[in-house]
Structures are given as C-alpha cells and as structure tokens.
$ cat protein35.cif   # mmCIF, C-alpha atoms
data_structure
loop_
_atom_site.group_PDB
_atom_site.id
_atom_site.type_symbol
_atom_site.label_atom_id
_atom_site.label_comp_id
_atom_site.auth_asym_id
_atom_site.auth_seq_id
_atom_site.Cartn_x
_atom_site.Cartn_y
_atom_site.Cartn_z
ATOM 1 C CA MET W 1 31.842 5.943 -16.549
ATOM 2 C CA LYS W 2 32.036 2.623 -18.264
ATOM 3 C CA GLY W 3 28.867 0.472 -18.399
ATOM 4 C CA GLY W 4 30.080 -2.231 -16.007
ATOM 5 C CA VAL W 5 31.252 0.273 -13.405
ATOM 6 C CA TYR W 6 27.971 2.198 -13.650
ATOM 7 C CA ARG W 7 25.912 -0.972 -13.246
ATOM 8 C CA MET W 8 27.988 -1.978 -10.207
ATOM 9 C CA LEU W 9 27.585 1.472 -8.650
ATOM 10 C CA THR W 10 23.827 1.379 -9.288
ATOM 11 C CA PHE W 11 23.581 -2.101 -7.773
ATOM 12 C CA CYS W 12 25.517 -1.039 -4.665
ATOM 13 C CA LEU W 13 23.404 2.080 -4.191
ATOM 14 C CA ARG W 14 20.169 0.095 -4.522
ATOM 15 C CA ARG W 15 21.374 -2.503 -2.002
ATOM 16 C CA TYR W 16 22.439 0.232 0.415
ATOM 17 C CA ASN W 17 19.023 1.894 0.146
ATOM 18 C CA LEU W 18 17.251 -1.436 0.711
ATOM 19 C CA ILE W 19 19.327 -2.130 3.808
ATOM 20 C CA ARG W 20 18.844 1.409 5.105
ATOM 21 C CA THR W 21 15.059 1.416 4.647
ATOM 22 C CA GLY W 22 14.399 -2.254 5.430
ATOM 23 C CA GLY W 23 13.604 -1.748 9.105
ATOM 24 C CA ASN W 24 11.692 1.430 8.442
ATOM 25 C CA PHE W 25 9.617 -0.046 5.619
ATOM 26 C CA ARG W 26 7.802 -2.396 7.962
ATOM 27 C CA GLN W 27 7.103 0.498 10.324
ATOM 28 C CA TRP W 28 5.818 2.645 7.445
ATOM 29 C CA VAL W 29 3.420 -0.123 6.368
ATOM 30 C CA GLU W 30 2.237 -0.626 9.945
ATOM 31 C CA ASP W 31 1.650 3.122 10.305
ATOM 32 C CA PHE W 32 -0.202 3.158 6.979
ATOM 33 C CA LEU W 33 -2.570 0.377 8.078
ATOM 34 C CA SER W 34 -2.972 1.274 11.740
ATOM 35 C CA GLY W 35 -5.099 3.675 13.679
ATOM 36 C CA SER W 36 -8.190 5.405 12.449
ATOM 37 C CA ILE W 37 -6.683 6.046 9.006
ATOM 38 C CA GLY W 38 -5.861 2.448 8.036
ATOM 39 C CA THR W 39 -9.239 1.803 6.415
ATOM 40 C CA GLU W 40 -9.215 5.192 4.721
ATOM 41 C CA ASN W 41 -5.714 4.607 3.346
ATOM 42 C CA LEU W 42 -6.595 1.173 1.945
ATOM 43 C CA THR W 43 -9.862 2.284 0.331
ATOM 44 C CA GLY W 44 -8.035 5.292 -1.093
ATOM 45 C CA LEU W 45 -5.511 3.015 -2.789
ATOM 46 C CA LEU W 46 -8.269 0.817 -4.174
ATOM 47 C CA ARG W 47 -10.208 3.849 -5.408
ATOM 48 C CA GLU W 48 -7.112 5.222 -7.182
ATOM 49 C CA ARG W 49 -6.441 1.824 -8.758
ATOM 50 C CA PHE W 50 -9.952 1.392 -10.172
ATOM 51 C CA MET W 51 -10.091 4.992 -11.373
ATOM 52 C CA ALA W 52 -6.766 4.475 -13.167
ATOM 53 C CA ASP W 53 -8.451 1.532 -14.917
ATOM 54 C CA GLY W 54 -11.140 3.897 -16.200
ATOM 55 C CA PHE W 55 -13.974 3.469 -13.702
ATOM 56 C CA GLU W 56 -15.896 6.577 -12.653
ATOM 57 C CA GLU W 57 -15.108 7.843 -9.169
ATOM 58 C CA SER W 58 -18.743 7.896 -8.041
ATOM 59 C CA LEU W 59 -19.218 4.251 -9.069
ATOM 60 C CA VAL W 60 -16.001 3.183 -7.354
ATOM 61 C CA ARG W 61 -16.958 4.986 -4.121
ATOM 62 C CA GLU W 62 -20.429 3.425 -4.182
ATOM 63 C CA GLU W 63 -19.084 -0.105 -4.682
ATOM 64 C CA LEU W 64 -16.369 0.279 -2.040
ATOM 65 C CA ASP W 65 -18.996 1.503 0.440
ATOM 66 C CA LYS W 66 -21.075 -1.619 -0.270
ATOM 67 C CA LEU W 67 -18.108 -3.849 0.564
ATOM 68 C CA ALA W 68 -17.677 -2.220 3.984
ATOM 69 C CA ILE W 69 -13.898 -2.737 4.031
ATOM 70 C CA ARG W 70 -12.317 -2.393 7.467
ATOM 71 C CA VAL W 71 -8.681 -2.624 8.557
ATOM 72 C CA ARG W 72 -8.046 -3.817 12.086
ATOM 73 C CA HIS W 73 -4.536 -3.580 13.523
ATOM 74 C CA GLU W 74 -3.621 -5.500 16.661
ATOM 75 C CA LYS W 75 -0.272 -6.477 18.165
ATOM 76 C CA GLY W 76 1.744 -5.956 15.001
ATOM 77 C CA HIS W 77 -0.759 -7.713 12.720
ATOM 78 C CA ALA W 78 -3.231 -6.143 10.333
ATOM 79 C CA ALA W 79 -6.464 -7.827 9.325
ATOM 80 C CA ILE W 80 -8.495 -6.623 6.369
ATOM 81 C CA ILE W 81 -12.183 -7.357 6.819
ATOM 82 C CA LEU W 82 -14.336 -7.452 3.705
ATOM 83 C CA ARG W 83 -18.083 -7.818 4.040
ATOM 84 C CA HIS W 84 -19.919 -8.907 0.938
ATOM 85 C CA PRO W 85 -23.072 -7.017 0.035
ATOM 86 C CA GLU W 86 -26.289 -8.811 0.779
#
$ encode --input "protein35.cif" --output "structure tokens"
Amino acid sequence: MKGGVYRMLTFCLRRYNLIRTGGNFRQWVEDFLSGSIGTENLTGLLRERFMADGFEESLVREELDKLAIRVRHEKGHAAIILRHPE
C-alpha cells in the first residue's frame, strides 16, 4: 500500500473506532468511578503512577491512606474528595 492510502485507511479506522466507542467510553468511566470500587480504582491508578516514578509501594500506600481519598458518584456526576492530613 502506498503511504498516502495507508495513512487515509489508518485515519478512517481510528475515526470509526472513536465513533463506535464514544458512547460507551463515558459509561466505562462512570462504571470505573461508581459504586464501592470507585475509590479503590482511583487510588490504584495513583499508586501505579507513583510506583512507576520510583516510589516504594509501602510509602505510596501510607501517603494515600493519609489523604483519605474518596470518590462519590451521584446522578451521573463523580466527585473526588481529598482530605488533607492534619
């Protein structure tokens, strides 16, 4: 395939996938943040991020526990509550 044709095909496939998943993406995010697992999912992402930056897991867990992060999901809106340590 020639470069221009390949780029056009790639563009069309990416647009199709965006259109196809667009409605579902919002639902996936809502599911990720809702229910009893919303807080666990968010703190898990943060833990993975800080560990990827080289922090020790035990330190990251300790600091995240101090922050008391909570995710509250109501009527299609998610609120992330962050309490600062005293």
$ residues_near_point --input "protein35.cif" --point "(-7.9, 5.9, -5.6)" --cutoff "12 Å" --atoms "all atoms listed in the file" --output "MDAnalysis selection string"
chainID W and resid 40:61 64
$ resolve_selection --input "protein35.cif" --expression "the PyMOL selection byres ((chain W and resi 72) around 8)" --output "PyMOL selection string"
chain W and resi 33-34+38+70-71+73-74+78-81
$ atom_distance --input "protein35.cif" --atom1 "CA of Gly4 in chain W" --atom2 "CA of Tyr16 in chain W"
18.3 Å
$ resolve_selection --input "protein35.cif" --expression "the PyMOL selection byres ((chain W and resi 66) around 9)" --output "PDB file with C-alpha atoms, in the frame of the given file"
ATOM      1  CA  ARG W  61     -16.958   4.986  -4.121  1.00  0.00           C
ATOM      2  CA  GLU W  62     -20.429   3.425  -4.182  1.00  0.00           C
ATOM      3  CA  GLU W  63     -19.084  -0.105  -4.682  1.00  0.00           C
ATOM      4  CA  LEU W  64     -16.369   0.279  -2.040  1.00  0.00           C
ATOM      5  CA  ASP W  65     -18.996   1.503   0.440  1.00  0.00           C
ATOM      6  CA  LEU W  67     -18.108  -3.849   0.564  1.00  0.00           C
ATOM      7  CA  ALA W  68     -17.677  -2.220   3.984  1.00  0.00           C
ATOM      8  CA  ILE W  69     -13.898  -2.737   4.031  1.00  0.00           C
ATOM      9  CA  ARG W  83     -18.083  -7.818   4.040  1.00  0.00           C
ATOM     10  CA  HIS W  84     -19.919  -8.907   0.938  1.00  0.00           C
ATOM     11  CA  PRO W  85     -23.072  -7.017   0.035  1.00  0.00           C
ATOM     12  CA  GLU W  86     -26.289  -8.811   0.779  1.00  0.00           C
TER      13      GLU W  86
END
$ atom_distance --input "protein35.cif" --atom1 "CA of Phe25 in chain W" --atom2 "CA of Leu9 in chain W"
23.0 Å
$ decode --input "protein35.cif" --residues "range 19-58 of chain W" --atoms "N, CA and C atoms" --output "mmCIF file, in the first residue's frame"
data_model
loop_
_atom_site.group_PDB
_atom_site.id
_atom_site.type_symbol
_atom_site.label_atom_id
_atom_site.label_comp_id
_atom_site.auth_asym_id
_atom_site.auth_seq_id
_atom_site.Cartn_x
_atom_site.Cartn_y
_atom_site.Cartn_z
ATOM 1 N N ILE W 19 -15.890 6.837 17.030
ATOM 2 C CA ILE W 19 -17.346 6.963 16.936
ATOM 3 C C ILE W 19 -18.015 5.767 17.606
ATOM 4 N N ARG W 20 -17.495 4.589 17.352
ATOM 5 C CA ARG W 20 -18.081 3.359 17.894
ATOM 6 C C ARG W 20 -17.991 3.307 19.419
ATOM 7 N N THR W 21 -16.878 3.755 19.982
ATOM 8 C CA THR W 21 -16.693 3.667 21.432
ATOM 9 C C THR W 21 -17.107 4.925 22.171
ATOM 10 N N GLY W 22 -17.381 6.010 21.460
ATOM 11 C CA GLY W 22 -17.688 7.283 22.105
ATOM 12 C C GLY W 22 -18.758 7.200 23.170
ATOM 13 N N GLY W 23 -19.896 6.602 22.862
ATOM 14 C CA GLY W 23 -20.968 6.486 23.837
ATOM 15 C C GLY W 23 -20.608 5.548 24.967
ATOM 16 N N ASN W 24 -19.884 4.508 24.645
ATOM 17 C CA ASN W 24 -19.501 3.532 25.656
ATOM 18 C C ASN W 24 -18.409 4.057 26.571
ATOM 19 N N PHE W 25 -17.549 4.922 26.067
ATOM 20 C CA PHE W 25 -16.429 5.415 26.870
ATOM 21 C C PHE W 25 -16.925 6.127 28.123
ATOM 22 N N ARG W 26 -17.926 6.955 27.956
ATOM 23 C CA ARG W 26 -18.489 7.654 29.117
ATOM 24 C C ARG W 26 -19.025 6.650 30.128
ATOM 25 N N GLN W 27 -19.717 5.625 29.631
ATOM 26 C CA GLN W 27 -20.267 4.605 30.528
ATOM 27 C C GLN W 27 -19.149 3.843 31.228
ATOM 28 N N TRP W 28 -18.070 3.548 30.520
ATOM 29 C CA TRP W 28 -16.938 2.841 31.127
ATOM 30 C C TRP W 28 -16.321 3.679 32.248
ATOM 31 N N VAL W 29 -16.175 4.984 32.015
ATOM 32 C CA VAL W 29 -15.609 5.863 33.042
ATOM 33 C C VAL W 29 -16.546 5.939 34.242
ATOM 34 N N GLU W 30 -17.846 6.070 33.981
ATOM 35 C CA GLU W 30 -18.810 6.105 35.078
ATOM 36 C C GLU W 30 -18.746 4.812 35.888
ATOM 37 N N ASP W 31 -18.690 3.678 35.214
ATOM 38 C CA ASP W 31 -18.594 2.392 35.906
ATOM 39 C C ASP W 31 -17.315 2.302 36.721
ATOM 40 N N PHE W 32 -16.226 2.835 36.170
ATOM 41 C CA PHE W 32 -14.928 2.806 36.843
ATOM 42 C C PHE W 32 -14.957 3.607 38.138
ATOM 43 N N LEU W 33 -15.675 4.741 38.132
ATOM 44 C CA LEU W 33 -15.701 5.632 39.287
ATOM 45 C C LEU W 33 -16.883 5.395 40.231
ATOM 46 N N SER W 34 -17.820 4.558 39.839
ATOM 47 C CA SER W 34 -19.023 4.420 40.653
ATOM 48 C C SER W 34 -18.968 3.203 41.565
ATOM 49 N N GLY W 35 -19.957 3.138 42.418
ATOM 50 C CA GLY W 35 -20.091 2.003 43.311
ATOM 51 C C GLY W 35 -19.000 1.943 44.358
ATOM 52 N N SER W 36 -18.904 0.794 44.968
ATOM 53 C CA SER W 36 -17.943 0.624 46.058
ATOM 54 C C SER W 36 -16.505 0.533 45.567
ATOM 55 N N ILE W 37 -16.304 0.367 44.256
ATOM 56 C CA ILE W 37 -14.937 0.209 43.751
ATOM 57 C C ILE W 37 -14.338 1.488 43.182
ATOM 58 N N GLY W 38 -15.103 2.562 43.123
ATOM 59 C CA GLY W 38 -14.609 3.815 42.547
ATOM 60 C C GLY W 38 -13.370 4.341 43.258
ATOM 61 N N THR W 39 -13.419 4.371 44.576
ATOM 62 C CA THR W 39 -12.276 4.852 45.364
ATOM 63 C C THR W 39 -11.088 3.922 45.186
ATOM 64 N N GLU W 40 -11.347 2.639 45.229
ATOM 65 C CA GLU W 40 -10.277 1.649 45.060
ATOM 66 C C GLU W 40 -9.627 1.767 43.679
ATOM 67 N N ASN W 41 -10.433 1.955 42.654
ATOM 68 C CA ASN W 41 -9.895 2.109 41.300
ATOM 69 C C ASN W 41 -9.013 3.344 41.181
ATOM 70 N N LEU W 42 -9.472 4.470 41.733
ATOM 71 C CA LEU W 42 -8.707 5.716 41.638
ATOM 72 C C LEU W 42 -7.400 5.618 42.423
ATOM 73 N N THR W 43 -7.454 5.121 43.651
ATOM 74 C CA THR W 43 -6.215 5.001 44.430
ATOM 75 C C THR W 43 -5.268 3.995 43.799
ATOM 76 N N GLY W 44 -5.813 2.974 43.145
ATOM 77 C CA GLY W 44 -4.968 2.021 42.435
ATOM 78 C C GLY W 44 -4.204 2.680 41.296
ATOM 79 N N LEU W 45 -4.884 3.534 40.548
ATOM 80 C CA LEU W 45 -4.221 4.263 39.461
ATOM 81 C C LEU W 45 -3.127 5.174 39.998
ATOM 82 N N LEU W 46 -3.441 5.883 41.076
ATOM 83 C CA LEU W 46 -2.443 6.776 41.671
ATOM 84 C C LEU W 46 -1.248 5.986 42.195
ATOM 85 N N ARG W 47 -1.518 4.860 42.841
ATOM 86 C CA ARG W 47 -0.434 4.022 43.363
ATOM 87 C C ARG W 47 0.478 3.553 42.222
ATOM 88 N N GLU W 48 -0.134 3.062 41.135
ATOM 89 C CA GLU W 48 0.649 2.607 39.981
ATOM 90 C C GLU W 48 1.492 3.740 39.401
ATOM 91 N N ARG W 49 0.916 4.921 39.336
ATOM 92 C CA ARG W 49 1.621 6.083 38.777
ATOM 93 C C ARG W 49 2.859 6.442 39.599
ATOM 94 N N PHE W 50 2.685 6.530 40.934
ATOM 95 C CA PHE W 50 3.811 6.899 41.785
ATOM 96 C C PHE W 50 4.865 5.793 41.841
ATOM 97 N N MET W 51 4.436 4.551 41.790
ATOM 98 C CA MET W 51 5.400 3.449 41.774
ATOM 99 C C MET W 51 6.193 3.451 40.467
ATOM 100 N N ALA W 52 5.544 3.795 39.364
ATOM 101 C CA ALA W 52 6.237 3.896 38.080
ATOM 102 C C ALA W 52 7.282 5.007 38.113
ATOM 103 N N ASP W 53 7.053 6.008 38.965
ATOM 104 C CA ASP W 53 8.016 7.106 39.127
ATOM 105 C C ASP W 53 9.132 6.755 40.108
ATOM 106 N N GLY W 54 9.100 5.541 40.661
ATOM 107 C CA GLY W 54 10.184 5.073 41.501
ATOM 108 C C GLY W 54 9.941 5.087 42.998
ATOM 109 N N PHE W 55 8.742 5.471 43.432
ATOM 110 C CA PHE W 55 8.443 5.462 44.858
ATOM 111 C C PHE W 55 8.163 4.034 45.322
ATOM 112 N N GLU W 56 8.512 3.737 46.558
ATOM 113 C CA GLU W 56 8.258 2.414 47.122
ATOM 114 C C GLU W 56 6.772 2.240 47.393
ATOM 115 N N GLU W 57 6.287 1.037 47.159
ATOM 116 C CA GLU W 57 4.850 0.767 47.310
ATOM 117 C C GLU W 57 4.360 1.052 48.732
ATOM 118 N N SER W 58 5.124 0.653 49.729
ATOM 119 C CA SER W 58 4.680 0.866 51.111
ATOM 120 C C SER W 58 4.538 2.357 51.426
#
